[in-house]
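Before any comments, here is the structure.
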Amino acid sequence: MRTALTIAVKDLKERLRDRSAIILAIVVPLGLAFIMNLTIGPAADQTFETTVAVHDADGGQVSEGFSAMLAQVEQIGFITVETAASEDDARRATTEGDASTAFLLPAGVSDAIARGEAASIQVVTNPDQPIGASVGVALAEGFVAEVNAIRLSAATAIALGAGDPEGLAAAAATEQAPVVLGRADVEGRGFDFATFYANGIAIFFMFFTVQFGVLSIIEEREQGTMPRLLVAPISRSSILVGKLGASFVMGVASTVVLWIATTFLMGAVWGDALGVLLLTTAGVLSAVAVASAIATFTRTAEQAGAATAFVAVIFGVLGGVFFPVTRVSGAFAAVSRLTPHYWLMDGFKRLSAGEGVADTIPALLAVLAFAAVLGAVGLARSRDLVKYS
Amino acid sequence: MSGNTLECADLRKAYGDVVAVDGVGFTIGAGETYGLLGPNGAGKTTTISMIAGLLEKDGGTAVVSGREVTTTGTEAKAAIGLVPQDLAIYPDLTARENLRFFGKLYGIGEDLGKRIDEVLEIIELTDRADDYTKEYSGGMKRRLNIGIGLLHRPDLLILDEPTVGVDPQSRNAILEGVERLGEQGMAVLYTTHYMEEAERLCDRVGIIDEGKIIAEGTRRELVALVGGRDRVSLETSGDPSAAEPAVSALEHVESCSSTAAGMEVVSVNASQALPDIVLAISAAGLDVQAVRVSEPDLESVFLHLTGKALRD
């Protein structure tokens with residue numbers, strides 16, 4: 001054990017002096033997470049809002065109903081309703097970009113509807129604000145559909161012998177809709193982008209950082225120092241443990257630095273500290289296992305580095321470190337679960353949402369299982385790694 | 001147990017159909033320097049790799065200080081110091097850090113600091129001990145490479161062509177250092193394809209070719225194998241073939257042949273034959289412009305035994 005520690009300390013000392021390791025382990029992931037948060041974060045984090053203009057030249061029952069509907073939506077927070085003094089003002093608001101949609105309620109529209117005559121509500125949209133315009137059109141269509149439904153109901157009742165058409169219309173208008181759409185956020189489970197990218201980048205680079213120690217085994221062969229280690233009175237397993245131990249320490253240290261830095265610099269919320277440490281430990285173990293298993297199948301440090309990077313990128317994409325895979329389904333979702341990245345993201349997501357260590361146990365077990373399987377492959381083939389030439 | 005530090009017998013190693021080492025065996029006593037001399041690809045490095053426990057043996061035994069060497073065992077390895085042919089040092093560590101790291105692997109305890117200072121003095125790197133080795137010259141790296149092998153005071157020090165690619169000044173320093181090791185009682189196994197190094201350093205030499213030791217002994221014993229013949233090289237004017245019959249007929253002359261520059265004569269006693277050779281050439285109407293007499297050396301032995309030059 002002392003020998004393994006000696007080798008690990010020597011490797012870490014070399015890595016600390018090798019600035020490329022520090023750059024790849026800390027500077028690049030930190031910079032990348034920070035840039036992604038700055039560029040993508042605000043756009044994705046923005047709440048949708050649009051302004052609509054209304055000119056009511058009617059002032060009747062239907063136009064009041066329309067204004068009441070808009071007021072309800074405004075309360076939810078999607079839209080801001082501006083009242084236009086004239087039709088021209090309403091149109092100008094859309095052409096000048098102050099509103100995405102203008103609703104024009106012509107005089108007499110309420111009376112026309114009550115008499116069962118043709119009537120129209122005009123909707124003017126701004127093509128530069130397509131989402132807001134679509135929302136405006138949808139709101140108008142929804143209102144018109146409701147009015148038509150009321151008129152159809154009243155017409156049916158009259159046809160069946162009911163008198164007082166105006167009374168029927170008024171009664172129908174006050175009737176509560178049987179089904180309404182509600183909107184609510186899932187409390188606590190949402191991912192803010194800073195946290196998402198902090199977690200994702202940390203996991204992604206975890207699988208790059210650990211390769212330094214594993215690759216150093218091959219580098220010992222390439223730079224000629226492996227014979228000296230092998231001829232020393234130490235076991236080959238202590239060489240392996242020392243090298244992988246250095247990898248492990250590098251991986252954990254890099255993730256912890258990212259954890260602290262993203263918390264204070266980007267406002268990322270990682271959640272329960274013990275849970276983060278446990279997931280980080282499991283994640284780094286699985287990363288070491290992946291890198292060492294791959295290294296046993298390669299001949300040079302270059303080959304091993306390229307192969308590990310390839311696997312890290314594929315796992316990263318499949319495992320959802322760049323985008324939330326909870327939004328995809330089918331085969332992709334199934335394959336995603338076969339990567340440690342998916343489970344690490346799941347575990348970190350739960351922690352950031354305020355869940356406890358117990359809630360991350362399935363993720364922890366999945367990552368550790370991954371580490372055990374690939375670690376066994378690496379150990380079984382370790383003679384191909386710690387060898388003379 | 002005999003008094004030999006190293007006893008190896010019938011060492012064998014093959015890579016597929018290619019036999020790299022085929023029944024090699026020799027012994028080295030304490031304080032003795034043994035040279036393994038052979039051209040590149042002769043099997044020197046494979047042989048020492050098996051002796052050092054780096055390579056699995058296909059057959060045979062290697063015993064160092066009474067302990068069998070294996071790739072997995074650690075007891076015998078503690079008695080071995082290896083100076084690999086390729087530089088085996090860490091460039092991002094200083095010389096002192098390199099020595100400390102390997103010293104710890106060999107389990108040197110409280111004495112480590114003192115030993116490091118001693119070795120640094122021996123390899124003349126005390127002044128640069130705390131510089132990164134990547135800043136060293138080639139010769140300095142070579143000296144550190146040797147120093148690491150010496151640090152734990154091994155019973156057997158194996159040096160695998162330690163002067164390859166070294167400038168003449170550093171080379172001489174390395175050779176002087178190796179000479180001192182033998183005097184201190186360390187058994188040294190020295191592989192080289194430089195005949196002059198083997199002649200200078202080694203008490204005994206094993207000549208290896210195509211995986212087999214084809215001759216072994218002291219320099220005197222090996223030279224005797226080729227009959228102790230001297231070589232006389234003469235530069236002459238005119239056509240030297242005119243003098244060939246007369247020179248060939250001289251006493252002490254075994255053979256002679258004309259060359260572009262003059263004549264090559266093989267003699268059993270050059271000092272006695274030389275005056276008669278010069279007279280015979282003069283009698284043929286030629287002038288002798290230069291004479292060089294070479295005593296037999298290990299190069300001649302290798303040439304005699306294999307028909308090849310060492311540097312082939």
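Here, A, B, ... name the chains of the structure tokens in the order displayed, residue numbers run from 1 inside each chain, and ligands are numbered from 1 in the same displayed order.
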
Write out as a ChimeraX atom specification which residues come within 8 Å of stretch 262-272 of chain A when counting only C-alpha atoms, dropping same-chain ones fewer than 6 positions away. /A:30,34,37,192,194-196,198-199,348,351-357

Selected residues, C-alpha atoms, written as a short mmCIF file (atom, residue, chain, number, x, y, z; two decimals), in the first residue's frame, please.
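Result written to part_29.cif:
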```cif
data_model
loop_
_atom_site.label_atom_id
_atom_site.label_comp_id
_atom_site.auth_asym_id
_atom_site.auth_seq_id
_atom_site.Cartn_x
_atom_site.Cartn_y
_atom_site.Cartn_z
CA LEU A 30 -15.01 25.62 -15.80
CA PHE A 34 -19.46 29.38 -17.65
CA ASN A 37 -24.45 29.31 -19.01
CA ASP A 192 -31.88 25.68 -13.96
CA ALA A 194 -26.44 26.92 -14.57
CA THR A 195 -26.88 23.77 -12.52
CA PHE A 196 -27.56 21.63 -15.56
CA ALA A 198 -22.31 22.63 -14.14
CA ASN A 199 -23.37 19.00 -13.57
CA PHE A 348 -27.26 15.17 -9.49
CA LEU A 351 -29.88 16.44 -5.38
CA SER A 352 -30.18 19.87 -6.98
CA ALA A 353 -33.97 19.55 -6.73
CA GLY A 354 -33.63 19.19 -3.00
CA GLU A 355 -33.94 15.43 -2.72
CA GLY A 356 -31.75 13.56 -0.27
CA VAL A 357 -29.02 10.93 -0.53
#
```

Using backbone DSSP assignments, extract all strand (DSSP E or B) residues from stretch 65-244 of chain B; output them as number ranges by chain. B: 67-68, 80-83, 94, 132, 156-160, 187-192, 204-209, 212-217, 230-236

Neighbours of chain A in chain B at 9 Å, counting only C-alpha atoms, as a ChimeraX atom specification: /B:49,52-55,71-93,97,101-102,104-107,149

What are the DSSP helix (DSSP H, G or I) residues of stretch 84-194 of chain B, as a VMD selection string? chain B and resid 95 to 105 112 to 122 126 to 128 133 to 135 138 to 150 168 to 183

I need the residues from that last selection saved to file as a short mmCIF file (atom, residue, chain, number, x, y, z; two decimals), in the first residue's frame (with C-alpha atoms), if you can.
```cif
data_model
loop_
_atom_site.label_atom_id
_atom_site.label_comp_id
_atom_site.auth_asym_id
_atom_site.auth_seq_id
_atom_site.Cartn_x
_atom_site.Cartn_y
_atom_site.Cartn_z
CA ALA B 95 17.34 14.42 -10.12
CA ARG B 96 16.88 14.35 -6.35
CA GLU B 97 13.15 13.60 -6.73
CA ASN B 98 13.87 10.82 -9.23
CA LEU B 99 16.35 9.26 -6.82
CA ARG B 100 14.00 9.65 -3.85
CA PHE B 101 11.13 8.01 -5.74
CA PHE B 102 13.12 4.95 -6.73
CA GLY B 103 14.79 4.81 -3.33
CA LYS B 104 11.36 4.53 -1.71
CA LEU B 105 10.38 1.75 -4.10
CA LEU B 112 17.72 7.63 1.83
CA GLY B 113 18.74 11.28 2.01
CA LYS B 114 22.36 10.37 2.69
CA ARG B 115 22.43 7.78 -0.08
CA ILE B 116 20.96 10.27 -2.52
CA ASP B 117 23.72 12.76 -1.69
CA GLU B 118 26.35 10.05 -2.14
CA VAL B 119 25.00 8.99 -5.52
CA LEU B 120 24.69 12.59 -6.68
CA GLU B 121 28.34 13.03 -5.84
CA ILE B 122 29.34 9.85 -7.66
CA THR B 126 25.22 17.55 -6.87
CA ASP B 127 25.14 21.09 -8.28
CA ARG B 128 22.19 20.33 -10.53
CA THR B 133 15.89 16.52 -15.56
CA LYS B 134 14.22 17.70 -18.76
CA GLU B 135 16.70 20.57 -18.59
CA GLY B 138 22.15 13.91 -22.71
CA GLY B 139 25.26 13.01 -20.73
CA MET B 140 23.79 14.24 -17.45
CA LYS B 141 20.65 12.18 -18.05
CA ARG B 142 22.79 9.12 -18.72
CA ARG B 143 24.69 9.65 -15.48
CA LEU B 144 21.46 9.97 -13.52
CA ASN B 145 20.17 6.86 -15.28
CA ILE B 146 23.13 4.98 -13.85
CA GLY B 147 22.86 6.65 -10.46
CA ILE B 148 19.32 5.37 -9.96
CA GLY B 149 20.55 1.83 -10.57
CA LEU B 150 23.26 2.27 -7.94
CA PRO B 168 33.05 11.15 -25.57
CA GLN B 169 33.55 13.14 -22.36
CA SER B 170 30.46 11.74 -20.64
CA ARG B 171 31.25 8.31 -21.99
CA ASN B 172 34.65 8.36 -20.34
CA ALA B 173 33.10 9.50 -17.06
CA ILE B 174 30.62 6.61 -17.21
CA LEU B 175 33.36 4.07 -17.92
CA GLU B 176 35.47 5.37 -15.04
CA GLY B 177 32.44 5.05 -12.77
CA VAL B 178 31.83 1.46 -13.82
CA GLU B 179 35.50 0.63 -13.19
CA ARG B 180 35.11 1.89 -9.62
CA LEU B 181 32.00 -0.26 -9.04
CA GLY B 182 33.93 -3.44 -9.62
CA GLU B 183 36.57 -2.27 -7.20
#
```

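Going from atom CA of B:Asp203 to atom CA of B:His304 covers 21.0 Å.
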
Near B:Ala242, within 10 Å and counting only C-alpha atoms, which residues show up once chain neighbours fewer than 4 positions away are dropped, as a PyMOL selection string? chain B and resi 238+246-247+258+281+283-286

Exercise: stretch 244-248 of chain A partners within 6 Å, only C-alpha atoms, chain neighbours under 6 positions left out, as a VMD selection string: chain A and resid 8 210 213

I'd like the contact shell of B:Gly59 - 8 Å cut-off, only C-alpha atoms, skipping same-chain residues fewer than 6 positions apart - returned as a count of residues only. 4

Residues at most 9 Å from stretch 207-210 of chain B, counting only C-alpha atoms, excluding those fewer than 6 positions away in the same chain, as a PDB file with C-alpha atoms, in the first residue's frame?
```pdb
ATOM      1  CA  VAL B  19      14.582 -17.732 -31.118  1.00  0.00           C
ATOM      2  CA  ALA B  20      16.046 -14.692 -29.364  1.00  0.00           C
ATOM      3  CA  VAL B  21      18.036 -16.480 -26.657  1.00  0.00           C
ATOM      4  CA  ASP B  22      19.080 -20.079 -27.026  1.00  0.00           C
ATOM      5  CA  VAL B  24      22.673 -18.830 -22.596  1.00  0.00           C
ATOM      6  CA  GLY B  35      30.781  -8.117 -20.511  1.00  0.00           C
ATOM      7  CA  LEU B  36      28.151  -9.450 -22.835  1.00  0.00           C
ATOM      8  CA  LEU B  37      29.497  -8.469 -26.232  1.00  0.00           C
ATOM      9  CA  GLY B  38      27.580  -8.840 -29.434  1.00  0.00           C
ATOM     10  CA  PRO B  39      26.084  -6.946 -32.338  1.00  0.00           C
ATOM     11  CA  GLY B  41      19.979  -8.084 -32.241  1.00  0.00           C
ATOM     12  CA  ALA B  42      22.319 -10.742 -30.844  1.00  0.00           C
ATOM     13  CA  GLY B  43      20.105 -11.342 -27.782  1.00  0.00           C
ATOM     14  CA  LYS B  44      21.890  -9.209 -25.183  1.00  0.00           C
ATOM     15  CA  GLU B 216      33.693 -16.800 -23.171  1.00  0.00           C
ATOM     16  CA  GLY B 217      36.756 -15.916 -21.160  1.00  0.00           C
ATOM     17  CA  LEU B 298      37.883  -8.757 -29.498  1.00  0.00           C
ATOM     18  CA  PHE B 302      34.270 -11.833 -33.217  1.00  0.00           C
ATOM     19  CA  THR B 306      31.278 -15.382 -36.829  1.00  0.00           C
TER      20      THR B 306
END
```

Could you tell me which of A:Gly251, A:Gly378, A:Gly242, A:Gly65 comes closest to A:Ala140 if we count only C-alpha atoms?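 When distances to A:Ala140 are compared using only C-alpha atoms, the smallest one comes from A:Gly65.
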
Would you mind reading off the distance between atom CA of B:Glu197 and atom CA of B:Val226, one decimal, in Å?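 Between atom CA of B:Glu197 and atom CA of B:Val226 the gap is 20.0 Å.
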
Have a look at B:Val288, B:Ile51, B:Leu189, B:Leu303 and name the one nearest to B:Leu234; count only C-alpha atoms.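 Distance minimum relative to B:Leu234 lands on B:Val288.
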
Neighbours of A:Ser120 within 10 Å (only C-alpha atoms; same-chain residues fewer than 6 positions away dropped), as a PDB file with N, CA and C atoms, in the first residue's frame?
```
ATOM      1  N   LEU A 104     -59.172  43.403 -33.144  1.00  0.00           N
ATOM      2  CA  LEU A 104     -60.073  44.498 -33.530  1.00  0.00           C
ATOM      3  C   LEU A 104     -61.513  44.003 -33.415  1.00  0.00           C
ATOM      4  N   LEU A 105     -62.256  44.570 -32.456  1.00  0.00           N
ATOM      5  CA  LEU A 105     -63.641  44.166 -32.236  1.00  0.00           C
ATOM      6  C   LEU A 105     -64.540  45.255 -32.827  1.00  0.00           C
ATOM      7  N   PRO A 106     -65.098  45.017 -34.007  1.00  0.00           N
ATOM      8  CA  PRO A 106     -65.862  46.071 -34.687  1.00  0.00           C
ATOM      9  C   PRO A 106     -67.188  46.381 -33.964  1.00  0.00           C
ATOM     10  N   VAL A 109     -70.662  43.935 -33.174  1.00  0.00           N
ATOM     11  CA  VAL A 109     -70.367  42.499 -33.283  1.00  0.00           C
ATOM     12  C   VAL A 109     -71.202  41.704 -32.271  1.00  0.00           C
ATOM     13  N   SER A 110     -71.421  42.257 -31.088  1.00  0.00           N
ATOM     14  CA  SER A 110     -72.187  41.537 -30.071  1.00  0.00           C
ATOM     15  C   SER A 110     -73.639  41.361 -30.519  1.00  0.00           C
ATOM     16  N   ALA A 112     -74.781  41.402 -33.564  1.00  0.00           N
ATOM     17  CA  ALA A 112     -74.852  40.490 -34.711  1.00  0.00           C
ATOM     18  C   ALA A 112     -74.837  39.033 -34.244  1.00  0.00           C
ATOM     19  N   ILE A 113     -73.981  38.766 -33.258  1.00  0.00           N
ATOM     20  CA  ILE A 113     -73.889  37.384 -32.763  1.00  0.00           C
ATOM     21  C   ILE A 113     -75.205  37.000 -32.062  1.00  0.00           C
ATOM     22  N   VAL A 144     -63.575  32.421 -30.131  1.00  0.00           N
ATOM     23  CA  VAL A 144     -64.589  32.274 -31.181  1.00  0.00           C
ATOM     24  C   VAL A 144     -65.245  30.896 -31.092  1.00  0.00           C
TER      25      VAL A 144
END
```

Best match for closeness to B:Cys8 among B:Ala224, B:Ala30, B:Ala260, B:Val63, counting only C-alpha atoms: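 That would be B:Val63, the residue with the smallest distance to B:Cys8.
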